[in-house]
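S.K.: For reference, the file work_13.txt (compact mmCIF, C-alpha atoms) is included below:
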# COMPACT_ATOMS: atom_id res chain seq x y z
CA MET A 240 46.64 23.15 -22.51
CA PRO A 241 48.28 22.47 -25.90
CA GLN A 242 48.70 25.25 -28.40
CA PRO A 243 46.14 25.26 -31.23
CA HIS A 244 47.19 24.47 -34.77
CA PRO A 245 48.49 27.65 -36.47
CA ALA A 246 45.48 27.75 -38.81
CA VAL A 247 43.12 27.58 -35.82
CA ALA A 248 45.09 30.22 -33.92
CA ASN A 249 44.95 32.46 -36.99
CA VAL A 250 41.14 32.36 -37.06
CA LEU A 251 40.78 32.70 -33.28
CA ARG A 252 42.57 36.05 -33.30
CA PHE A 253 39.66 37.58 -35.19
CA PHE A 254 37.32 36.86 -32.27
CA ALA A 255 39.07 39.45 -30.07
CA HIS A 256 36.58 42.04 -28.89
CA ASP A 257 38.43 44.19 -26.35
CA HIS A 258 38.91 46.91 -28.97
CA LEU A 259 35.18 47.24 -29.63
CA PRO A 260 32.84 49.71 -27.94
CA PRO A 261 31.06 48.02 -25.01
CA ARG A 262 27.77 47.58 -26.87
CA LEU A 263 29.44 45.76 -29.78
CA ALA A 264 31.75 43.80 -27.50
CA GLU A 265 28.68 42.46 -25.71
CA VAL A 266 27.37 41.14 -29.04
CA SER A 267 30.76 39.70 -30.03
CA ARG A 268 31.69 38.05 -26.71
CA PRO A 269 29.44 34.94 -26.94
CA PHE A 270 30.87 34.14 -30.37
CA ALA A 271 34.41 34.40 -29.00
CA ASP A 272 33.53 32.17 -26.07
CA LEU A 273 32.04 29.56 -28.38
CA ALA A 274 34.97 29.75 -30.81
CA HIS A 275 37.51 29.13 -28.05
CA SER A 276 35.39 26.31 -26.64
CA VAL A 277 35.10 24.62 -30.03
CA ALA A 278 38.83 25.08 -30.73
CA ALA A 279 39.71 23.49 -27.37
CA HIS A 280 37.37 20.51 -27.80
CA PRO A 281 39.57 17.40 -27.79
CA GLY A 282 37.52 15.57 -30.41
CA LEU A 283 37.72 18.29 -33.05
CA ALA A 284 40.67 18.80 -35.38
CA GLY A 285 41.71 19.14 -38.97
CA PRO A 286 40.55 21.34 -41.81
CA GLU A 287 36.87 21.10 -40.87
CA LEU A 288 37.60 22.70 -37.50
CA THR A 289 39.09 25.69 -39.27
CA VAL A 290 36.08 25.86 -41.60
CA ALA A 291 33.69 25.70 -38.62
CA LEU A 292 35.54 28.57 -36.94
CA ARG A 293 35.55 30.64 -40.13
CA LYS A 294 31.80 30.22 -40.50
CA LEU A 295 31.30 31.18 -36.85
CA LEU A 296 33.46 34.23 -37.54
CA GLU A 297 31.17 35.16 -40.44
CA SER A 298 28.19 34.90 -38.09
CA LYS A 299 29.90 37.05 -35.49
CA ASP A 300 30.71 39.70 -38.08
CA CYS A 301 27.08 39.77 -39.24
CA ALA A 302 25.79 40.04 -35.68
CA VAL A 303 28.14 42.92 -34.89
CA ARG A 304 27.11 44.71 -38.09
CA ALA A 305 23.46 44.15 -37.19
CA ALA A 306 24.13 45.94 -33.89
CA LEU A 307 25.48 49.04 -35.61
CA PRO A 308 23.17 52.03 -35.63
CA THR A 309 21.34 52.41 -38.92
CA ASP A 310 21.08 56.18 -38.61
CA GLY A 311 24.83 56.76 -38.60
CA GLY A 312 24.78 57.65 -34.90
CA ASP A 313 27.23 56.59 -32.24
CA VAL A 314 27.59 52.97 -31.27
Here is a file; write its structure as structure tokens.
M.R.:
Amino acid sequence: MPQPHPAVANVLRFFAHDHLPPRLAEVSRPFADLAHSVAAHPGLAGPELTVALRKLLESKDCAVRAALPTDGGDV
């Protein structure tokens, strides 16, 4: 498999979820799977691919924040 463009690789690194507590990693994982699938799609390239991944990253960040406890308790 060819290496992604450096700009794509730079965005993909933010989809890592191994460092998260299990509950948050479970929320994050589908976004990472989709991001890597989109990045590997042979018909997608160029600046719009990077924009698509950045917007997916924003969605992932919001979903993970939504999963945080609102009472300040443990994740």
S.K.: Using all atoms listed in the file for the distances, tell me which of A:Val314, A:Ala248, A:Leu295, A:Val303 is nearest to Asp272 in chain A.
M.R.: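 Of all the options, A:Leu295 lies closest to Asp272 in chain A.
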S.K.: Is there a way to get, as a list in words, all residues within 10 Å of the point (44.9, 15.4, -25.5) in file coordinates, counting only C-alpha atoms?
M.R.: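 So the residues meeting the distance criterion are Met240, Pro241, Ala279, His280, Pro281 and Gly282 of chain A.
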S.K.: With C-alpha atoms retained, export the selected residues as a PDB file, keeping the file's coordinate frame.
M.R.:
ATOM      1  CA  MET A 240      46.640  23.150 -22.510  1.00  0.00           C
ATOM      2  CA  PRO A 241      48.280  22.470 -25.900  1.00  0.00           C
ATOM      3  CA  ALA A 279      39.710  23.490 -27.370  1.00  0.00           C
ATOM      4  CA  HIS A 280      37.370  20.510 -27.800  1.00  0.00           C
ATOM      5  CA  PRO A 281      39.570  17.400 -27.790  1.00  0.00           C
ATOM      6  CA  GLY A 282      37.520  15.570 -30.410  1.00  0.00           C
TER       7      GLY A 282
END
S.K.: Choose the residue, out of A:Leu283, A:Val266, A:Ala278, A:Leu273, that has the smallest atom-to-atom separation from Asp300 in chain A; count all atoms listed in the file.
M.R.: A:Val266
S.K.: Which residue out of A:Ala274, A:Ala246, A:Leu263, A:Ala284 has the minimum interatomic distance to Leu307 in chain A when only C-alpha atoms are used?
M.R.: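 The answer is A:Leu263, which sits nearest to Leu307 in chain A.
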S.K.: Around all the atoms of range 306-312 of chain A listed in the file, with 6 Å of room on each side, what axis-aligned box do you get, giving centre and edge lengths in Å to one decimal, as JSON?
M.R.:
{"center_x": 23.3, "center_y": 51.8, "center_z": -36.4, "size_x": 16.4, "size_y": 23.7, "size_z": 17.0}
S.K.: So that I can see what lies close to Asn249 in chain A, please list as JSON, numbers by chain the residues with an atom at most 12 Å from it, counting all atoms listed in the file and leaving out residues fewer than 2 positions away in the same chain.
M.R.: {"A": [242, 243, 244, 245, 246, 247, 251, 252, 253, 254, 255, 278, 289, 290, 292, 293, 296]}
S.K.: State, in Å with one decimal place, the distance from CA of Ser267 in chain A to CA of Pro286 in chain A.
M.R.: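 These two atoms are separated by 23.9 Å.
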S.K.: I'd like to know which of A:Ala306, A:Ala291, A:Gly311, A:Val277 is closest to Pro260 in chain A, using all atoms listed in the file.
M.R.: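 Among the listed residues, A:Ala306 lies closest to Pro260 in chain A.
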S.K.: Using all atoms listed in the file, find the one residue out of A:Gly285, A:Asp313, A:Val250, A:Ala302 that sits nearest to Glu265 in chain A.
M.R.: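 Among the listed residues, A:Ala302 lies closest to Glu265 in chain A.
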S.K.: What is the distance, in Å and to one decimal place, between CA of Glu297 in chain A and CA of Phe270 in chain A?
M.R.: 10.1 Å
S.K.: Calculate how many Å separate CA of Ala264 in chain A from CA of Lys299 in chain A, rounding to one decimal.
M.R.: 10.6 Å
S.K.: Some atoms are missing, so please complete range 253-272 of chain A with N, CA, C and O atoms and return it as a short mmCIF file (atom, residue, chain, number, x, y, z; two decimals), in the frame of the given file.
M.R.:
data_model
loop_
_atom_site.label_atom_id
_atom_site.label_comp_id
_atom_site.auth_asym_id
_atom_site.auth_seq_id
_atom_site.Cartn_x
_atom_site.Cartn_y
_atom_site.Cartn_z
N PHE A 253 40.69 36.67 -34.70
CA PHE A 253 39.66 37.58 -35.19
C PHE A 253 38.42 37.63 -34.28
O PHE A 253 37.49 38.38 -34.54
N PHE A 254 38.42 36.82 -33.22
CA PHE A 254 37.32 36.86 -32.27
C PHE A 254 37.60 37.81 -31.11
O PHE A 254 36.75 37.97 -30.23
N ALA A 255 38.76 38.46 -31.12
CA ALA A 255 39.07 39.45 -30.07
C ALA A 255 38.01 40.55 -30.10
O ALA A 255 37.54 40.94 -31.17
N HIS A 256 37.63 41.02 -28.94
CA HIS A 256 36.58 42.04 -28.89
C HIS A 256 36.89 43.17 -27.92
O HIS A 256 36.08 44.07 -27.73
N ASP A 257 38.06 43.15 -27.32
CA ASP A 257 38.43 44.19 -26.35
C ASP A 257 38.52 45.57 -26.99
O ASP A 257 38.37 46.58 -26.30
N HIS A 258 38.76 45.63 -28.27
CA HIS A 258 38.91 46.91 -28.97
C HIS A 258 37.56 47.53 -29.35
O HIS A 258 37.51 48.69 -29.76
N LEU A 259 36.50 46.76 -29.22
CA LEU A 259 35.18 47.24 -29.63
C LEU A 259 34.52 48.10 -28.55
O LEU A 259 34.80 47.91 -27.36
N PRO A 260 33.64 49.00 -28.94
CA PRO A 260 32.84 49.71 -27.94
C PRO A 260 32.04 48.69 -27.13
O PRO A 260 31.71 47.60 -27.65
N PRO A 261 31.73 49.00 -25.89
CA PRO A 261 31.06 48.02 -25.01
C PRO A 261 29.82 47.37 -25.62
O PRO A 261 29.62 46.16 -25.48
N ARG A 262 29.00 48.13 -26.30
CA ARG A 262 27.77 47.58 -26.87
C ARG A 262 28.06 46.51 -27.93
O ARG A 262 27.40 45.47 -27.98
N LEU A 263 29.08 46.73 -28.76
CA LEU A 263 29.44 45.76 -29.78
C LEU A 263 30.22 44.59 -29.18
O LEU A 263 30.08 43.45 -29.63
N ALA A 264 31.02 44.88 -28.17
CA ALA A 264 31.75 43.80 -27.50
C ALA A 264 30.78 42.81 -26.85
O ALA A 264 31.02 41.60 -26.86
N GLU A 265 29.69 43.32 -26.33
CA GLU A 265 28.68 42.46 -25.71
C GLU A 265 28.07 41.51 -26.74
O GLU A 265 27.76 40.36 -26.43
N VAL A 266 27.90 41.98 -27.96
CA VAL A 266 27.37 41.14 -29.04
C VAL A 266 28.42 40.11 -29.47
O VAL A 266 28.12 38.95 -29.72
N SER A 267 29.67 40.53 -29.54
CA SER A 267 30.76 39.70 -30.03
C SER A 267 31.21 38.62 -29.04
O SER A 267 31.62 37.53 -29.44
N ARG A 268 31.14 38.93 -27.75
CA ARG A 268 31.69 38.05 -26.71
C ARG A 268 31.18 36.60 -26.76
O ARG A 268 32.00 35.67 -26.70
N PRO A 269 29.89 36.35 -26.90
CA PRO A 269 29.44 34.94 -26.94
C PRO A 269 30.03 34.15 -28.10
O PRO A 269 30.29 32.96 -27.98
N PHE A 270 30.26 34.82 -29.22
CA PHE A 270 30.87 34.14 -30.37
C PHE A 270 32.32 33.77 -30.05
O PHE A 270 32.78 32.69 -30.40
N ALA A 271 33.03 34.68 -29.39
CA ALA A 271 34.41 34.40 -29.00
C ALA A 271 34.47 33.24 -28.01
O ALA A 271 35.32 32.35 -28.14
N ASP A 272 33.57 33.26 -27.05
CA ASP A 272 33.53 32.17 -26.07
C ASP A 272 33.30 30.83 -26.75
O ASP A 272 33.98 29.84 -26.46
#
